[in-house]
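Next comes protein-v8.pdb, a file with PDB, C-alpha atoms.
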ATOM      1  CA  MET A   1       6.895  22.778 -11.367
ATOM      2  CA  ALA A   2      10.547  22.819 -10.434
ATOM      3  CA  VAL A   3      11.860  20.156  -8.076
ATOM      4  CA  PRO A   4      13.323  21.839  -4.960
ATOM      5  CA  ALA A   5      17.100  21.846  -4.575
ATOM      6  CA  LEU A   6      18.418  20.013  -1.536
ATOM      7  CA  ALA A   7      20.059  23.236  -0.324
ATOM      8  CA  SER A   8      16.687  24.987  -0.241
ATOM      9  CA  VAL A   9      15.188  22.422   2.168
ATOM     10  CA  ALA A  10      15.813  22.038   5.902
ATOM     11  CA  VAL A  11      14.991  19.344   8.429
ATOM     12  CA  GLY A  12      11.792  20.429  10.136
ATOM     13  CA  ASP A  13      10.283  22.010   7.010
ATOM     14  CA  GLU A  14       6.563  21.369   6.868
ATOM     15  CA  LEU A  15       4.829  20.404   3.625
ATOM     16  CA  PRO A  16       1.504  21.998   2.695
ATOM     17  CA  PRO A  17      -1.146  19.776   4.323
ATOM     18  CA  LYS A  18      -4.135  18.389   2.508
ATOM     19  CA  THR A  19      -7.566  17.088   3.442
ATOM     20  CA  ILE A  20      -8.652  14.018   1.509
ATOM     21  CA  HIS A  21     -12.396  13.651   1.359
ATOM     22  CA  ILE A  22     -13.553  10.055   0.932
ATOM     23  CA  GLU A  23     -17.003   8.942  -0.116
ATOM     24  CA  ARG A  24     -18.285   5.511  -1.072
ATOM     25  CA  ALA A  25     -17.837   6.543  -4.705
ATOM     26  CA  THR A  26     -14.152   7.280  -4.007
ATOM     27  CA  LEU A  27     -13.707   3.709  -2.792
ATOM     28  CA  VAL A  28     -15.584   2.177  -5.714
ATOM     29  CA  GLN A  29     -13.341   4.153  -8.057
ATOM     30  CA  TYR A  30     -10.233   2.946  -6.213
ATOM     31  CA  ALA A  31     -11.524  -0.637  -6.166
ATOM     32  CA  GLY A  32     -11.796  -0.539  -9.942
ATOM     33  CA  ALA A  33      -8.427   1.115 -10.483
ATOM     34  CA  SER A  34      -6.527  -1.125  -8.057
ATOM     35  CA  LEU A  35      -8.492  -4.325  -8.722
ATOM     36  CA  ASP A  36      -8.926  -4.709  -4.946
ATOM     37  CA  ARG A  37     -12.626  -5.472  -4.956
ATOM     38  CA  ASN A  38     -12.913  -6.689  -1.375
ATOM     39  CA  ARG A  39     -16.523  -6.068  -0.375
ATOM     40  CA  ILE A  40     -15.618  -4.527   2.995
ATOM     41  CA  HIS A  41     -14.678  -1.423   0.977
ATOM     42  CA  TRP A  42     -18.038  -0.820  -0.700
ATOM     43  CA  ASP A  43     -20.746  -3.138   0.657
ATOM     44  CA  GLU A  44     -22.078  -1.863   3.975
ATOM     45  CA  ARG A  45     -24.105  -4.962   4.754
ATOM     46  CA  PHE A  46     -21.117  -7.206   4.103
ATOM     47  CA  ALA A  47     -18.754  -5.004   6.155
ATOM     48  CA  LYS A  48     -21.078  -4.994   9.135
ATOM     49  CA  GLY A  49     -21.583  -8.727   8.710
ATOM     50  CA  VAL A  50     -17.891  -9.335   9.389
ATOM     51  CA  GLY A  51     -17.978  -7.127  12.469
ATOM     52  CA  LEU A  52     -16.788  -3.797  11.077
ATOM     53  CA  PRO A  53     -18.568  -0.605  12.150
ATOM     54  CA  ASP A  54     -19.246   0.262   8.486
ATOM     55  CA  VAL A  55     -17.524   0.270   5.088
ATOM     56  CA  ILE A  56     -13.804   1.033   5.508
ATOM     57  CA  ALA A  57     -11.366   2.580   3.033
ATOM     58  CA  HIS A  58      -8.670   0.469   1.404
ATOM     59  CA  GLY A  59      -5.459   0.952   3.376
ATOM     60  CA  MET A  60      -3.730   1.232   0.007
ATOM     61  CA  PHE A  61      -6.104   4.047  -0.986
ATOM     62  CA  THR A  62      -5.077   6.011   2.101
ATOM     63  CA  MET A  63      -1.413   5.244   1.453
ATOM     64  CA  GLY A  64      -1.682   6.179  -2.227
ATOM     65  CA  SER A  65      -3.571   9.421  -1.703
ATOM     66  CA  ALA A  66      -1.483  10.527   1.312
ATOM     67  CA  VAL A  67       1.722  10.486  -0.722
ATOM     68  CA  THR A  68       0.310  13.165  -3.030
ATOM     69  CA  VAL A  69       1.259  15.622  -0.263
ATOM     70  CA  VAL A  70       4.860  14.632  -1.001
ATOM     71  CA  THR A  71       4.633  14.421  -4.789
ATOM     72  CA  GLU A  72       2.892  17.815  -5.038
ATOM     73  CA  TRP A  73       5.608  19.346  -2.862
ATOM     74  CA  VAL A  74       8.449  17.801  -4.860
ATOM     75  CA  GLY A  75       6.745  18.552  -8.195
ATOM     76  CA  ASP A  76       7.525  15.200  -9.858
ATOM     77  CA  ALA A  77       5.764  11.991  -8.833
ATOM     78  CA  GLY A  78       8.679   9.967 -10.194
ATOM     79  CA  ARG A  79      11.056  11.238  -7.497
ATOM     80  CA  VAL A  80       9.727   8.924  -4.768
ATOM     81  CA  THR A  81      12.403   6.264  -4.235
ATOM     82  CA  SER A  82      10.920   4.658  -1.137
ATOM     83  CA  TYR A  83       7.556   4.774   0.602
ATOM     84  CA  SER A  84       6.417   2.701   3.537
ATOM     85  CA  THR A  85       3.703   2.658   6.160
ATOM     86  CA  ARG A  86       1.821   0.625   8.704
ATOM     87  CA  PHE A  87      -1.951   0.496   8.615
ATOM     88  CA  THR A  88      -2.772   1.324  12.216
ATOM     89  CA  LYS A  89      -6.505   2.132  12.169
ATOM     90  CA  PRO A  90      -9.200   1.722   9.553
ATOM     91  CA  VAL A  91     -10.821   4.770   7.945
ATOM     92  CA  VAL A  92     -14.546   4.246   8.420
ATOM     93  CA  VAL A  93     -16.589   5.726   5.559
ATOM     94  CA  PRO A  94     -20.273   6.213   6.396
ATOM     95  CA  TYR A  95     -22.835   6.647   3.627
ATOM     96  CA  ASP A  96     -23.767  10.082   4.909
ATOM     97  CA  GLY A  97     -20.979  12.607   4.739
ATOM     98  CA  GLY A  98     -18.118  10.218   4.053
ATOM     99  CA  ALA A  99     -14.830  10.725   5.872
ATOM    100  CA  ASP A 100     -11.993  13.231   5.874
ATOM    101  CA  VAL A 101      -8.351  12.262   6.252
ATOM    102  CA  VAL A 102      -6.009  15.139   7.055
ATOM    103  CA  VAL A 103      -2.474  14.533   5.809
ATOM    104  CA  SER A 104       0.560  16.558   6.796
ATOM    105  CA  GLY A 105       4.269  15.991   6.287
ATOM    106  CA  VAL A 106       7.556  17.136   7.763
ATOM    107  CA  VAL A 107      11.110  16.740   6.499
ATOM    108  CA  THR A 108      12.954  14.542   8.992
ATOM    109  CA  ARG A 109      16.229  13.804   7.235
ATOM    110  CA  LEU A 110      18.395  15.087   4.397
ATOM    111  CA  ASP A 111      21.172  13.136   2.736
ATOM    112  CA  PRO A 112      23.524  15.428   0.790
ATOM    113  CA  GLU A 113      25.249  12.427  -0.850
ATOM    114  CA  SER A 114      22.154  11.097  -2.601
ATOM    115  CA  HIS A 115      20.133  14.353  -2.557
ATOM    116  CA  ALA A 116      17.454  12.418  -0.703
ATOM    117  CA  ALA A 117      14.915  13.953   1.640
ATOM    118  CA  THR A 118      12.888  11.817   4.036
ATOM    119  CA  VAL A 119       9.382  13.053   4.775
ATOM    120  CA  GLU A 120       7.342  11.674   7.648
ATOM    121  CA  LEU A 121       3.632  11.809   6.905
ATOM    122  CA  THR A 122       0.842  12.005   9.447
ATOM    123  CA  ALA A 123      -2.655  10.969   8.384
ATOM    124  CA  ARG A 124      -5.526  11.512  10.786
ATOM    125  CA  CYS A 125      -9.194  10.706  10.549
ATOM    126  CA  GLY A 126     -10.792  12.497  13.472
ATOM    127  CA  GLU A 127      -8.653  11.539  16.473
ATOM    128  CA  ASP A 128      -7.300   8.376  14.856
ATOM    129  CA  LYS A 129      -3.844   8.174  13.350
ATOM    130  CA  VAL A 130      -4.612   5.922  10.393
ATOM    131  CA  LEU A 131      -1.065   5.485   9.079
ATOM    132  CA  GLY A 132       1.881   4.597  11.310
ATOM    133  CA  ARG A 133       5.504   5.449  10.533
ATOM    134  CA  ALA A 134       4.601   6.664   7.058
ATOM    135  CA  LEU A 135       7.943   7.574   5.468
ATOM    136  CA  ALA A 136       8.576   8.736   1.928
ATOM    137  CA  VAL A 137      12.052   9.286   0.523
ATOM    138  CA  VAL A 138      12.343  11.624  -2.462
ATOM    139  CA  ARG A 139      15.268  12.578  -4.648
ATOM    140  CA  LEU A 140      15.649  16.345  -4.797
ATOM    141  CA  ASP A 141      17.757  18.342  -7.259
TER     142      ASP A 141
ATOM    143  CA  MET B   1      11.634 -20.571  12.035
ATOM    144  CA  ALA B   2       9.565 -22.175  14.737
ATOM    145  CA  CYS B   3       6.045 -20.888  14.845
ATOM    146  CA  PRO B   4       3.826 -22.886  17.165
ATOM    147  CA  THR B   5       0.397 -23.269  15.719
ATOM    148  CA  GLY B   6      -0.814 -26.187  17.772
ATOM    149  CA  ARG B   7      -2.257 -24.241  20.675
ATOM    150  CA  ALA B   8      -5.120 -22.079  19.613
ATOM    151  CA  ARG B   9      -5.845 -19.026  21.729
ATOM    152  CA  ARG B  10      -9.397 -17.883  21.817
ATOM    153  CA  GLY B  11     -10.592 -14.322  21.947
ATOM    154  CA  VAL B  12     -12.595 -11.602  20.322
ATOM    155  CA  SER B  13     -10.977 -10.198  17.205
ATOM    156  CA  TYR B  14     -11.060  -6.587  16.015
ATOM    157  CA  TRP B  15     -13.866  -7.711  13.766
ATOM    158  CA  GLY B  16     -15.846  -8.753  16.795
ATOM    159  CA  THR B  17     -15.900 -12.392  15.793
ATOM    160  CA  ARG B  18     -15.000 -15.091  18.244
ATOM    161  CA  VAL B  19     -12.332 -17.159  16.583
ATOM    162  CA  ALA B  20      -9.697 -19.769  17.243
ATOM    163  CA  SER B  21      -6.217 -19.147  15.883
ATOM    164  CA  MET B  22      -4.906 -21.309  13.077
ATOM    165  CA  PRO B  23      -2.981 -19.004  10.851
ATOM    166  CA  VAL B  24      -0.444 -20.258   8.325
ATOM    167  CA  ASN B  25       2.040 -22.975   7.512
ATOM    168  CA  ALA B  26       5.220 -21.814   9.299
ATOM    169  CA  ASP B  27       7.409 -23.836   6.942
ATOM    170  CA  PHE B  28       6.699 -21.285   4.217
ATOM    171  CA  ALA B  29       9.341 -18.832   5.472
ATOM    172  CA  GLY B  30      12.116 -18.727   2.879
ATOM    173  CA  ARG B  31       9.938 -20.045   0.094
ATOM    174  CA  SER B  32       9.805 -18.412  -3.355
ATOM    175  CA  TYR B  33       7.307 -18.721  -6.180
ATOM    176  CA  PRO B  34       7.867 -18.921  -9.929
ATOM    177  CA  PRO B  35       7.847 -15.632 -11.874
ATOM    178  CA  THR B  36       4.415 -14.220 -12.672
ATOM    179  CA  ALA B  37       3.173 -13.725 -16.207
ATOM    180  CA  PRO B  38       4.323 -10.287 -17.411
ATOM    181  CA  TYR B  39       2.140  -7.335 -16.376
ATOM    182  CA  ALA B  40       1.958  -4.766 -19.181
ATOM    183  CA  VAL B  41       1.955  -1.259 -17.700
ATOM    184  CA  GLY B  42      -0.469   0.792 -19.793
ATOM    185  CA  SER B  43      -1.100   4.528 -19.978
ATOM    186  CA  ALA B  44      -4.872   4.085 -19.535
ATOM    187  CA  LYS B  45      -4.401   2.140 -16.284
ATOM    188  CA  ILE B  46      -1.876   4.687 -15.036
ATOM    189  CA  ARG B  47      -4.379   7.474 -15.671
ATOM    190  CA  GLU B  48      -7.175   5.530 -13.990
ATOM    191  CA  PHE B  49      -5.026   4.781 -10.921
ATOM    192  CA  ALA B  50      -3.707   8.352 -10.667
ATOM    193  CA  GLU B  51      -7.246   9.727 -10.793
ATOM    194  CA  ALA B  52      -8.390   7.226  -8.162
ATOM    195  CA  VAL B  53      -5.735   8.357  -5.646
ATOM    196  CA  GLY B  54      -6.049  12.039  -6.563
ATOM    197  CA  SER B  55      -2.580  12.426  -8.057
ATOM    198  CA  THR B  56      -2.843  15.304 -10.540
ATOM    199  CA  ASP B  57       0.806  15.354 -11.651
ATOM    200  CA  PRO B  58       0.855  15.643 -15.478
ATOM    201  CA  VAL B  59       3.648  13.020 -15.673
ATOM    202  CA  HIS B  60       0.881  10.406 -15.209
ATOM    203  CA  VAL B  61      -1.232  11.525 -18.150
ATOM    204  CA  ASP B  62       0.758  13.752 -20.487
ATOM    205  CA  ARG B  63       3.539  12.059 -22.450
ATOM    206  CA  ALA B  64       5.154  15.367 -23.353
ATOM    207  CA  ALA B  65       5.267  16.400 -19.683
ATOM    208  CA  ALA B  66       6.685  12.990 -18.725
ATOM    209  CA  ARG B  67       9.386  13.269 -21.393
ATOM    210  CA  ALA B  68      10.208  16.812 -20.313
ATOM    211  CA  ALA B  69      10.766  15.394 -16.803
ATOM    212  CA  GLY B  70      13.170  12.810 -18.238
ATOM    213  CA  TYR B  71      10.946   9.740 -18.579
ATOM    214  CA  LEU B  72      10.383   7.630 -21.678
ATOM    215  CA  ASP B  73       6.596   7.796 -21.361
ATOM    216  CA  VAL B  74       3.953   8.501 -18.725
ATOM    217  CA  ILE B  75       4.891   7.125 -15.289
ATOM    218  CA  ALA B  76       2.840   5.450 -12.597
ATOM    219  CA  PRO B  77       2.147   6.879  -9.118
ATOM    220  CA  PRO B  78       4.334   5.452  -6.314
ATOM    221  CA  THR B  79       1.770   2.908  -5.075
ATOM    222  CA  PHE B  80       0.700   1.650  -8.520
ATOM    223  CA  ALA B  81       3.077  -1.300  -8.041
ATOM    224  CA  VAL B  82       0.511  -2.770  -5.647
ATOM    225  CA  LEU B  83      -1.369  -3.986  -8.725
ATOM    226  CA  ILE B  84       1.520  -6.334  -9.470
ATOM    227  CA  ALA B  85       2.513  -7.018  -5.850
ATOM    228  CA  GLN B  86      -0.991  -8.194  -4.991
ATOM    229  CA  GLN B  87      -0.841 -10.643  -7.914
ATOM    230  CA  CYS B  88       2.361 -11.975  -6.390
ATOM    231  CA  ASP B  89       0.879 -12.181  -2.869
ATOM    232  CA  GLY B  90      -2.136 -13.940  -4.353
ATOM    233  CA  GLN B  91       0.077 -16.909  -5.185
ATOM    234  CA  LEU B  92       0.734 -17.447  -1.489
ATOM    235  CA  ILE B  93      -2.748 -16.615  -0.238
ATOM    236  CA  THR B  94      -4.392 -19.073  -2.620
ATOM    237  CA  ASP B  95      -1.758 -21.797  -2.164
ATOM    238  CA  PRO B  96      -3.654 -24.653  -0.486
ATOM    239  CA  GLU B  97      -0.458 -25.854   1.169
ATOM    240  CA  ALA B  98      -0.064 -22.497   2.952
ATOM    241  CA  GLY B  99      -3.376 -23.044   4.700
ATOM    242  CA  ILE B 100      -4.369 -19.363   4.688
ATOM    243  CA  ASP B 101      -8.037 -18.395   4.988
ATOM    244  CA  PHE B 102      -8.087 -15.352   2.691
ATOM    245  CA  THR B 103     -11.136 -13.931   4.461
ATOM    246  CA  ARG B 104      -8.922 -13.479   7.533
ATOM    247  CA  VAL B 105      -6.118 -11.621   5.761
ATOM    248  CA  VAL B 106      -5.669  -7.937   6.529
ATOM    249  CA  HIS B 107      -2.928  -5.623   5.331
ATOM    250  CA  GLY B 108      -0.573  -4.698   8.154
ATOM    251  CA  GLU B 109       2.303  -2.877   6.465
ATOM    252  CA  GLN B 110       3.455  -1.969   2.992
ATOM    253  CA  LYS B 111       6.712  -0.694   1.566
ATOM    254  CA  PHE B 112       7.862   0.141  -1.942
ATOM    255  CA  VAL B 113      11.437   0.764  -2.986
ATOM    256  CA  HIS B 114      11.575   2.220  -6.483
ATOM    257  CA  HIS B 115      14.741   2.071  -8.546
ATOM    258  CA  ARG B 116      12.903   3.943 -11.247
ATOM    259  CA  PRO B 117       9.188   4.693 -11.775
ATOM    260  CA  LEU B 118       7.042   2.111 -13.529
ATOM    261  CA  THR B 119       6.544   3.484 -17.041
ATOM    262  CA  ALA B 120       3.928   2.869 -19.699
ATOM    263  CA  GLY B 121       5.229   0.124 -21.956
ATOM    264  CA  ASP B 122       7.017  -1.792 -19.186
ATOM    265  CA  GLU B 123       6.453  -5.542 -19.130
ATOM    266  CA  VAL B 124       6.874  -6.320 -15.447
ATOM    267  CA  VAL B 125       7.563  -9.772 -14.039
ATOM    268  CA  GLY B 126       7.185 -10.363 -10.293
ATOM    269  CA  VAL B 127       8.865 -12.968  -8.142
ATOM    270  CA  LEU B 128       7.357 -13.540  -4.716
ATOM    271  CA  HIS B 129       9.508 -14.439  -1.723
ATOM    272  CA  VAL B 130       8.080 -15.314   1.681
ATOM    273  CA  ASP B 131      10.621 -13.675   3.969
ATOM    274  CA  ARG B 132       9.137 -14.226   7.390
ATOM    275  CA  VAL B 133       6.327 -16.056   9.147
ATOM    276  CA  ARG B 134       5.739 -15.386  12.800
ATOM    277  CA  GLN B 135       3.085 -15.656  15.416
ATOM    278  CA  ALA B 136       1.978 -12.488  17.213
ATOM    279  CA  GLY B 137      -0.659 -13.140  19.804
ATOM    280  CA  GLY B 138      -3.268 -15.245  18.107
ATOM    281  CA  ASN B 139      -2.442 -13.868  14.665
ATOM    282  CA  ALA B 140       0.128 -14.869  12.103
ATOM    283  CA  MET B 141       2.242 -12.192  10.465
ATOM    284  CA  VAL B 142       3.639 -13.016   7.064
ATOM    285  CA  THR B 143       6.165 -10.741   5.395
ATOM    286  CA  THR B 144       6.371 -11.115   1.636
ATOM    287  CA  ARG B 145       8.718  -9.464  -0.832
ATOM    288  CA  SER B 146       7.902  -9.079  -4.514
ATOM    289  CA  GLU B 147      10.850  -8.293  -6.741
ATOM    290  CA  LEU B 148       9.556  -6.579  -9.873
ATOM    291  CA  THR B 149      11.783  -6.633 -12.934
ATOM    292  CA  VAL B 150      11.625  -5.385 -16.513
ATOM    293  CA  GLY B 151      13.951  -7.609 -18.522
ATOM    294  CA  ASP B 152      17.068  -7.860 -16.343
ATOM    295  CA  GLU B 153      16.418  -4.566 -14.593
ATOM    296  CA  LEU B 154      15.084  -4.551 -11.021
ATOM    297  CA  VAL B 155      12.619  -1.655 -10.971
ATOM    298  CA  CYS B 156      10.772  -2.076  -7.671
ATOM    299  CA  THR B 157      10.802  -4.109  -4.480
ATOM    300  CA  ALA B 158       7.403  -4.282  -2.778
ATOM    301  CA  THR B 159       7.282  -5.634   0.778
ATOM    302  CA  SER B 160       3.979  -6.484   2.434
ATOM    303  CA  THR B 161       3.144  -7.619   5.919
ATOM    304  CA  LEU B 162      -0.051  -9.588   5.910
ATOM    305  CA  VAL B 163      -1.835 -10.269   9.155
ATOM    306  CA  ILE B 164      -3.814 -13.467   9.237
ATOM    307  CA  ARG B 165      -6.244 -12.935  12.027
ATOM    308  CA  GLY B 166      -6.534 -15.678  14.543
ATOM    309  CA  ALA B 167      -7.705 -13.878  17.667
ATOM    310  CA  GLU B 168      -7.630 -10.510  19.422
ATOM    311  CA  ASP B 169      -6.434  -8.557  16.431
ATOM    312  CA  ASP B 170      -6.650  -4.811  16.917
ATOM    313  CA  GLY B 171      -4.991  -3.445  13.819
ATOM    314  CA  GLY B 172      -4.825  -3.616  10.057
ATOM    315  CA  ASP B 173      -7.586  -2.675   7.728
ATOM    316  CA  ALA B 174      -7.337  -3.903   4.227
TER     317      ALA B 174
END
The structure given in the file should be rewritten as structure tokens.
Amino acid sequence: MAVPALASVAVGDELPPKTIHIERATLVQYAGASLDRNRIHWDERFAKGVGLPDVIAHGMFTMGSAVTVVTEWVGDAGRVTSYSTRFTKPVVVPYDGGADVVVSGVVTRLDPESHAATVELTARCGEDKVLGRALAVVRLD
Amino acid sequence: MACPTGRARRGVSYWGTRVASMPVNADFAGRSYPPTAPYAVGSAKIREFAEAVGSTDPVHVDRAAARAAGYLDVIAPPTFAVLIAQQCDGQLITDPEAGIDFTRVVHGEQKFVHHRPLTAGDEVVGVLHVDRVRQAGGNAMVTTRSELTVGDELVCTATSTLVIRGAEDDGGDA
């Protein structure tokens, strides 16, 4: 897939949104891949024991999966030069049905010098905004 | 910087537990740790991580596709560097002198600056710097910076804000 040229992109352009479905199995898979084996992400009894409503997703899982909205748009996952976020609310993942995080993105800035586009991502789980100030900078052609 | 830890505030944390604040040794701001043992970036781990975050770009799994895109070998997804950054942060969290209770640590913020993608075959060394320690309500906020290098080349800077819950925390999740 061809990387978009800077000239073909405008501030305000919206990226194709994506719904990320998360089940307990998703979190176990991420725990293994990331080596973050904190029990609050897969052990319901443990999570509730420390006062959480239920198992919660790794913040880094949400961050890592949300940026696929950007990398799929740009067509090359190696074009991300900067990516940052705050973890504002936990994504609670019940045994039954799991959770859905809806991720959308909008181009907020273009830098003709460096061919960089800044995309602001929004990630919502129900009414909750789960990432705050999620900004990815990508190098376009 | 000054970070008063003597007066504990009491309250109910996000986790619903009644706790007294006692977060972290404020003298740690400005401290650095010795370089980590090299982390060998492997194609199997890249594939595993890419699958786990749902990144289907062939540059993660197909060497020919990665080379066609201008890389030497398959490349890691943008947040893969957390594998190395969390090793770096672990030095601080498990440092007895820092006085951090790791069960109270939640992830507040994360940033990656990539100078080039991590690539299969890279031997990455991380150096952890504690940039900032501050008190926010009953919690301590610690900002760490891991500089990840391959040989003499800086490839990634990973910045984390860790929240060490003391009391009345209402944010952070991991």
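The gap separating atom CA of A:His21 from atom CA of A:Leu121 is 17.1 Å, in Å to one decimal.
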List every residue of chain A that has an atom at most 8 Å from any atom of chain B, and for each one report the closest atom pair and its distance in Å to one decimal, counting only C-alpha atoms, with rows sorted by chain and then by increasing residue number, as a tab-separated table.
residue	atom	partner	partner_atom	distance
A:Thr26	CA	B:Ala52	CA	7.1
A:Gln29	CA	B:Ala52	CA	5.8
A:Tyr30	CA	B:Ala52	CA	5.1
A:Ala33	CA	B:Phe49	CA	5.0
A:Ser34	CA	B:Leu83	CA	5.9
A:Leu35	CA	B:Leu83	CA	7.1
A:Val50	CA	B:Trp15	CA	6.2
A:Gly51	CA	B:Trp15	CA	4.4
A:Leu52	CA	B:Trp15	CA	5.6
A:Ile56	CA	B:Asp173	CA	7.6
A:Ala57	CA	B:Ala174	CA	7.7
A:His58	CA	B:Ala174	CA	5.4
A:Gly59	CA	B:Ala174	CA	5.3
A:Met60	CA	B:Ala174	CA	7.6
A:Phe61	CA	B:Val53	CA	6.4
A:Met63	CA	B:Thr79	CA	7.6
A:Gly64	CA	B:Thr79	CA	5.5
A:Ser65	CA	B:Val53	CA	4.6
A:Val67	CA	B:Pro78	CA	8.0
A:Thr68	CA	B:Ser55	CA	5.8
A:Thr71	CA	B:Asp57	CA	7.9
A:Glu72	CA	B:Asp57	CA	7.4
A:Gly75	CA	B:Asp57	CA	7.6
A:Asp76	CA	B:Asp57	CA	7.0
A:Ala77	CA	B:Pro77	CA	6.3
A:Gly78	CA	B:Pro117	CA	5.5
A:Val80	CA	B:Pro78	CA	6.6
A:Thr81	CA	B:His114	CA	4.7
A:Ser82	CA	B:Val113	CA	4.3
A:Tyr83	CA	B:Phe112	CA	5.3
A:Ser84	CA	B:Lys111	CA	3.9
A:Thr85	CA	B:Gln110	CA	5.6
A:Arg86	CA	B:Glu109	CA	4.2
A:Phe87	CA	B:Gly172	CA	5.2
A:Thr88	CA	B:Gly171	CA	5.5
A:Lys89	CA	B:Gly171	CA	6.0
A:Pro90	CA	B:Asp173	CA	5.0
Query raised in the report: So what do you get for atom CA of B:Gly151 versus atom CA of A:Ala136, distance-wise?
Result: 26.7 Å
Requested in this report: Name the residues that the PyMOL selection byres ((chain B and resi 93) around 12) picks from the file above, as a PyMOL selection string, using the file's chain letters and numbers.
Outcome: chain B and resi 23-25+28+33+86-92+94-106+128+130+142+144+162-164
Query raised in the report: Suppose you want the space between atom CA of A:Val11 and atom CA of A:Val106; what is it in Å?
Result: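 The value is 7.8 Å.
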Query raised in the report: If you count all atoms listed in the file, which residues fall within 10 Å of A:Trp42, apart from same-chain ones fewer than 2 positions away, as JSON, numbers by chain?
Result: {"A": [23, 24, 25, 26, 27, 28, 31, 37, 38, 39, 40, 44, 45, 46, 47, 54, 55, 56, 57, 58, 93, 95]}
Query raised in the report: Got a sec to resolve the PyMOL selection byres ((chain B and resi 40-42) around 7) on this structure and send the residues as a ChimeraX atom specification?
Result: /B:38-39,43-46,119-124
Please determine an axis-aligned box that encloses all atoms of stretch 133-152 of chain B listed in the file, with 4 Å added on each side, and express its centre and edge lengths in Å to one decimal as AutoDock Vina command-line options.
--center_x 6.9 --center_y -10.7 --center_z 0.6 --size_x 28.3 --size_y 18.7 --size_z 46.3
Report task. List, as JSON, numbers by chain, every residue that the PyMOL selection byres ((chain A and resi 8) around 12) selects in the file provided. Result -> {"A": [3, 4, 5, 6, 7, 9, 10, 11, 13, 74, 110, 112, 115, 117, 140, 141]}
**Report entry** Among listed residues A:Ala123, A:Leu15, A:Ala99, A:Val91, nearest A:Val69 (using all atoms listed in the file)
**Finding:**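 Closest candidate: A:Leu15.
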